[in-house]
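What follows is input.txt (compact mmCIF, C-alpha atoms and all ligand atoms).
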```txt
# COMPACT_ATOMS: atom_id res chain seq x y z
CA GLN T 14 2.77 5.98 80.64
CA TRP T 15 -0.92 5.82 79.90
CA VAL T 16 -1.88 8.13 77.06
CA ASP T 17 -5.23 9.44 75.95
CA ILE T 18 -5.17 9.15 72.16
CA THR T 19 -7.98 11.70 71.89
CA GLU T 20 -5.77 14.30 73.57
CA VAL T 21 -2.90 13.39 71.26
CA LEU T 22 -5.04 13.81 68.15
CA GLU T 23 -6.56 17.06 69.40
CA SER T 24 -3.12 18.49 70.07
CA VAL T 25 -2.01 17.53 66.56
CA LEU T 26 -5.12 19.10 65.07
CA SER T 27 -4.59 22.32 66.99
CA LYS T 28 -1.07 22.53 65.57
CA THR T 29 -2.06 21.81 61.97
CA SER T 30 -5.49 23.33 61.44
CA LEU T 31 -4.16 26.78 60.57
CA LYS T 32 -2.08 25.40 57.72
CA ALA T 33 -5.11 23.48 56.47
CA LYS T 34 -7.25 26.58 56.65
CA GLU T 35 -4.66 28.56 54.71
CA LYS T 36 -4.86 25.97 51.93
CA GLY T 37 -8.65 25.99 52.01
CA LEU T 38 -8.85 22.37 53.15
CA ARG T 39 -11.63 21.04 55.29
CA ILE T 40 -10.62 19.09 58.39
CA GLN T 41 -13.02 16.37 59.41
CA VAL T 42 -12.65 14.81 62.83
CA ASP T 43 -14.39 11.66 64.00
CA ILE T 44 -13.03 10.36 67.29
CA GLU T 45 -15.07 7.90 69.30
CA ASP T 46 -15.89 8.80 72.89
CA ASP T 47 -14.30 6.93 75.78
CA LEU T 48 -11.49 5.22 73.90
CA PRO T 49 -9.27 3.16 76.18
CA LEU T 50 -5.89 4.59 77.11
CA LEU T 51 -2.81 3.48 75.23
CA TYR T 52 0.36 2.48 76.99
CA GLY T 53 3.18 4.43 75.42
CA ASP T 54 4.98 7.71 75.02
CA GLY T 55 2.68 10.68 74.51
CA LEU T 56 5.24 12.80 72.69
CA ARG T 57 6.14 10.02 70.28
CA LEU T 58 2.50 9.23 69.65
CA GLU T 59 2.01 12.90 68.88
CA GLN T 60 4.98 12.80 66.49
CA ILE T 61 3.35 9.94 64.57
CA PHE T 62 0.17 11.85 63.94
CA LEU T 63 1.84 15.20 63.39
CA ASN T 64 3.78 13.61 60.54
CA LEU T 65 0.75 11.91 59.03
CA VAL T 66 -1.49 14.97 59.25
CA GLU T 67 1.24 17.31 57.97
CA ASN T 68 1.76 15.00 55.01
CA ALA T 69 -1.97 14.86 54.34
CA ILE T 70 -2.14 18.66 54.30
CA ARG T 71 1.08 19.10 52.34
CA TYR T 72 0.13 16.67 49.58
CA THR T 73 -3.48 17.76 49.23
CA ASP T 74 -4.48 20.78 47.15
CA ALA T 75 -8.23 20.66 47.64
CA GLY T 76 -10.87 18.84 49.61
CA THR T 77 -10.71 17.20 52.98
CA VAL T 78 -8.27 15.82 55.49
CA SER T 79 -10.00 13.39 57.80
CA VAL T 80 -8.82 12.13 61.17
CA GLN T 81 -10.62 9.23 62.81
CA ALA T 82 -10.17 6.99 65.81
CA LYS T 83 -12.30 4.09 66.90
CA LEU T 84 -12.27 0.92 68.91
CA VAL T 85 -12.35 -2.29 66.91
CA GLY T 86 -13.42 -5.38 68.78
CA GLN T 87 -12.28 -4.14 72.25
CA LYS T 88 -8.66 -5.01 71.49
CA ILE T 89 -7.55 -2.52 68.84
CA ILE T 90 -7.68 1.24 68.54
CA LYS T 91 -7.79 2.03 64.85
CA THR T 92 -6.76 5.48 63.75
CA ILE T 93 -7.16 6.78 60.22
CA VAL T 94 -5.64 9.81 58.53
CA GLU T 95 -7.18 10.23 55.12
CA ASP T 96 -6.92 12.90 52.47
CA THR T 97 -8.31 13.79 49.06
CA GLY T 98 -4.90 14.72 47.70
CA ARG T 99 -2.68 13.70 44.83
CA GLY T 100 -2.22 10.16 46.03
CA ILE T 101 0.75 7.85 45.61
CA PRO T 102 1.30 5.63 42.56
CA GLU T 103 0.83 1.94 43.35
CA ASP T 104 4.35 1.01 42.32
CA GLU T 105 5.83 3.55 44.75
CA LEU T 106 3.71 2.58 47.75
CA PRO T 107 6.09 -0.15 48.95
CA TYR T 108 8.92 2.37 49.31
CA ILE T 109 7.35 5.32 51.09
CA PHE T 110 8.40 4.08 54.53
CA GLU T 111 12.05 3.97 53.48
CA ARG T 112 14.32 6.73 54.64
CA PHE T 113 14.73 9.61 52.20
CA TYR T 114 12.25 8.14 49.72
CA ARG T 115 10.07 10.73 48.06
CA VAL T 116 7.55 10.23 45.30
CA GLU T 117 8.29 12.07 42.05
CA LYS T 118 11.31 13.90 43.27
CA SER T 119 10.97 16.94 41.06
CA ARG T 120 7.51 17.59 42.39
CA SER T 121 8.28 16.86 46.02
CA ARG T 122 11.32 19.08 46.12
CA GLN T 123 9.21 22.22 45.99
CA HIS T 124 7.52 21.09 49.20
CA GLY T 125 10.63 20.96 51.33
CA GLY T 126 10.90 17.98 53.61
CA SER T 127 13.54 15.30 53.68
CA GLY T 128 11.69 12.04 53.17
CA LEU T 129 12.39 10.93 56.73
CA GLY T 130 8.90 11.47 58.13
CA LEU T 131 7.28 8.15 57.34
CA ALA T 132 10.39 6.13 58.19
CA ILE T 133 10.27 7.63 61.67
CA VAL T 134 6.50 7.18 61.86
CA LYS T 135 6.81 3.48 61.10
CA LYS T 136 9.50 2.98 63.75
CA LEU T 137 7.44 4.82 66.36
CA VAL T 138 4.30 2.85 65.51
CA GLU T 139 6.19 -0.42 65.88
CA LEU T 140 7.67 0.79 69.16
CA HIS T 141 4.10 0.94 70.42
CA GLY T 142 3.28 -2.53 69.14
CA GLY T 143 1.18 -1.07 66.35
CA VAL T 144 0.96 -1.56 62.61
CA ILE T 145 0.67 1.03 59.87
CA MET T 146 -1.07 0.44 56.56
CA VAL T 147 -1.46 2.65 53.55
CA SER T 148 -3.73 2.64 50.55
CA SER T 149 -3.84 5.27 47.87
CA GLN T 150 -5.32 6.15 44.52
CA PRO T 151 -3.40 8.64 42.41
CA GLY T 152 -5.47 11.74 41.87
CA LYS T 153 -8.02 10.69 44.48
CA GLY T 154 -6.31 10.48 47.82
CA THR T 155 -4.44 8.55 50.42
CA ARG T 156 -5.44 6.71 53.56
CA PHE T 157 -3.11 5.75 56.38
CA GLU T 158 -4.40 3.42 59.08
CA VAL T 159 -2.53 2.91 62.32
CA ASP T 160 -3.74 0.15 64.64
CA PHE T 161 -2.62 0.01 68.26
CA PRO T 162 -3.25 -2.93 70.54
CA VAL T 163 -5.15 -2.05 73.67
CA LYS T 164 -2.88 -3.31 76.38
CA VAL T 165 -4.27 -6.26 78.27
CA THR T 166 -4.89 -5.23 81.84
CA LEU T 167 -4.65 -7.55 84.80
CA GLN T 168 -8.42 -7.40 85.04
CA ASP T 169 -8.83 -8.49 81.39
CA HIS T 170 -6.47 -11.30 82.13
CA GLU T 171 -8.46 -12.54 85.08
CA GLU T 172 -11.71 -12.30 83.16
CA GLY T 173 -10.17 -14.13 80.22
CA GLY T 174 -8.94 -16.90 82.49
CA LYS T 175 -12.37 -17.67 83.91
P1 LIG T 201 9.52 14.92 55.69
O1 LIG T 201 8.32 14.23 56.25
O2 LIG T 201 10.81 14.32 56.12
O3 LIG T 201 9.46 16.41 55.87
P2 LIG T 201 8.42 13.99 53.21
O4 LIG T 201 7.05 14.41 53.62
O5 LIG T 201 8.80 14.16 51.78
O6 LIG T 201 9.51 14.73 54.10
P3 LIG T 201 7.70 11.35 54.16
O7 LIG T 201 6.77 11.96 55.14
O8 LIG T 201 8.56 10.21 54.59
O9 LIG T 201 8.67 12.45 53.55
O10 LIG T 201 6.86 10.86 52.91
C1 LIG T 201 7.55 10.22 51.84
C2 LIG T 201 6.89 10.55 50.52
O11 LIG T 201 5.62 9.92 50.45
C3 LIG T 201 6.61 12.04 50.33
O12 LIG T 201 7.70 12.71 49.77
C4 LIG T 201 5.42 12.03 49.38
O13 LIG T 201 5.89 11.91 48.05
C5 LIG T 201 4.72 10.73 49.75
N1 LIG T 201 3.55 10.98 50.65
C6 LIG T 201 3.52 10.88 52.00
N2 LIG T 201 2.29 11.15 52.49
C7 LIG T 201 1.52 11.42 51.42
C8 LIG T 201 0.14 11.79 51.26
N3 LIG T 201 -0.71 11.90 52.31
N4 LIG T 201 -0.31 12.00 49.99
C9 LIG T 201 0.52 11.86 48.93
N5 LIG T 201 1.83 11.53 49.01
C10 LIG T 201 2.33 11.32 50.24
MG MG T 202 6.40 14.00 55.66
```
Take the structure in the file and write it out as structure tokens.
Amino acid sequence: QWVDITEVLESVLSKTSLKAKEKGLRIQVDIEDDLPLLYGDGLRLEQIFLNLVENAIRYTDAGTVSVQAKLVGQKIIKTIVEDTGRGIPEDELPYIFERFYRVEKSRSRQHGGSGLGLAIVKKLVELHGGVIMVSSQPGKGTRFEVDFPVKVTLQDHEEGGK
């Protein structure tokens, strides 16, 4: 079905903002107006961002968690979940989407969680034809970008064929 990504992100924020507040984190939201609808599964899209925002809050002790969405070149909706948390060492970045992988196990254990979150996130992103990218600086923060293709409508098609 057609899904309004703004509604998805707002639902995720409403479910996570209390936890952020409890930790004294600032939540910054920057969602462009009038984003095109995405073709997909609203609940699964929500699961993607719930995981990313929960991670951002869980692995950040101070500062800001930022959630952004914007249109890039009419064809891609780019979403960004960024934090000012502990970050992920460069040599561990390639593994974080693997099932059960957790950075610095001794430290992560105190946070609960199973290490399945990002593996599921990646699958769900791909199910929607999207791509997920991560960059991180230990001690500074982490940034996840998820790009979704804006589905070509029949109208686009006709215009493109002119
Ligand atoms: P689960 O999501 O299953 O409850 P989890 O959060 O440990 O458990 P993932 O979400 O798959 O598992 O994340 C894998 C690992 O990547 C985490 O254990 C954590 O070490 C690291 N990680 C994920 N997101 C962040 C982030 N925003 N900042 C720092 N480290 C992160
Ligand atoms: Mg997680």
(request) Pick out the residues no farther than 8 Å from ligand LIG 201 (chain T), counting all atoms listed in the file, and list them as a VMD selection string. (result) chain T and resid 64 to 73 95 to 96 98 to 101 109 to 118 121 to 122 124 to 133 149 154 to 157
(request) Using only C-alpha atoms, determine which residues lie at most 8 Å from Ile40 (chain T), disregarding the query and same-chain residues fewer than 4 positions distant; provide the list as a list in words. (result)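 Surrounding residues, per the criterion: Ser30, Ala33, Thr77, Val78, Ser79 and Val80 of chain T.
Between CA of Val163 (chain T) and CA of Gly55 (chain T) the separation is 15.0 Å.
If you look at CA of Gln14 (chain T) and CA of Leu51 (chain T), they are 8.2 Å away from each other.
Across the model, the gap from CA of Thr19 (chain T) to CA of Lys136 (chain T) is 21.2 Å.
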(message) With distances taken over all atoms listed in the file, which residue among T:Ile18, T:Ser27, T:Lys135, T:Gln81 lies nearest ligand MG 202 (chain T)?
(response)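 Ranked by minimum distance to ligand MG 202 (chain T), first place goes to T:Lys135.
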(message) What's around Thr92 (chain T) at 12 Å? Count only C-alpha atoms, leave out sequence neighbours fewer than 6 positions away in its own chain, and write the answer as an MDAnalysis selection string.
(response) chainID T and resid 18:19 21:22 42:45 48 58 61:62 65:66 79:85 138 143:147 156:162
(request) For each of T:Ala75, T:Leu63, T:Ile93, T:Leu140, take the minimum atom-to-atom distance to ligand MG 202 (chain T), counting only C-alpha atoms and all ligand atoms, then give the residue where this is smallest. (result)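 The answer is T:Leu63, which sits nearest to ligand MG 202 (chain T).
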(message) Please determine, counting only C-alpha atoms and all ligand atoms, which residue among T:Lys28, T:Ser148, T:Gln60, T:Gly86 has the shortest atom-to-atom distance to ligand MG 202 (chain T).
(response)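 The answer is T:Gln60, which sits nearest to ligand MG 202 (chain T).
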